[in-house]
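In what follows, a single structure is set out as structure tokens and then discussed.
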Amino acid sequence: AREQEDEVRPAKQARTGTSHGIGMMWGPPEDGPVPVPQPGESVTAALTYQGDEVPRGLTATGLVGTRRDGSGRDGEYFGCEFVRRDVEVTNGRGMEFSLDKDGFTLVDDKRDHIDYFDEDRILKEYYPACCAIVRQVTGAKEVFAFDHNLRSKRLSDAKEKVRGGSAVQGPAFVVHNDYTSTSAPRRVRDLAKTPKVNDTLRKV
């Protein structure tokens with residue numbers, strides 16, 4: 001999807017914003033839910049970003065983030081200021097994107113779904129399938145999948161866990177990037193060590 005900033009609204013001014021500890025969830029517009037756009041069409045959607053006063057950069061500062069417990073469940077965010085931004089979101093299906101130019105691409109892939117609440121099937125069936133797609137698209141000789149989150153608001157609220165795995169996570173309400181130029185190399189180095197209690201690779 002492509003995003004174009006349209007309007008910024010602080011969370012304290014939102015008429016229907018509700019705190020969930022991991023960001024803000026905005027209610028639908030007065031005229032009802034936004035319809036799903038067809039390929040190439042766009043809709044305006046309310047997304048949650050960090051406010052202008054929040055420290056940001058390519059390297060980790062330790063001033064903004066969240067911490068997970070041993071079960072893999074997210075804790076409260078710290079150092080954050082959540083603001084609403086209404087952005088134009090385009091359904092990119094049928095459009096041409098390339099890794100070199102756009103940083104991502106869309107690939108058709110039709111397969112039978114597995115039981116995503118079964119950790120063993122995720123690791124033994126879904127991981128290899130994802131690696132095969134990445135190898136096909138990039139031409140890489142080796143591809144390693146090492147981590148995942150299963151997200152469901154209902155099951156997260158019920159404190160459910162994946163069978164044989166970690167806690168089910170709630171939806172990611174905040175637009176974010178998982179890695180910085182500090183944390184990405186550190187993650188690679190950590191993967192070379194003996195897996196810890198919360199590491200997926202301890203079961204592979």
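Labels used: A, B, ... for chains in the order of the structure tokens, numbers from 1 for residues in each chain, and numbers from 1 for ligands as shown.
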Exercise. Can you list every residue in region 80-149 of chain A that DSSP puts in alpha helix (DSSP H), as a VMD selection string?
Worked result: chain A and resid 99 to 102 119 to 121 127 to 138
For this session: Excluding region 138-147 of chain A and any residue of its chain fewer than 3 positions from it, enumerate the residues within 12 Å of it, using only C-alpha atoms, and give them as JSON, numbers by chain.
Result: {"A": [72, 98, 99, 100, 103, 104, 105, 107, 119, 122, 123, 124, 125, 126, 127, 128, 129, 130, 131, 132, 133, 134, 135, 150, 165, 166, 178, 187, 188, 190, 191, 192, 195, 198, 199, 200, 201, 202, 203, 204]}
Exercise. Which residues come within 7 Å of region 54-60 of chain A, counting only C-alpha atoms, excluding same-chain residues fewer than 4 positions away, as number ranges by chain?
Worked result: A: 50, 80-81, 180-183
For this session: Measure the distance from CA of Thr194 (chain A) to CA of Asp120 (chain A) in Å and round it to one decimal.
Result: 19.7 Å
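Separating CA of Pro171 (chain A) from CA of Arg73 (chain A) is a distance of 12.0 Å.
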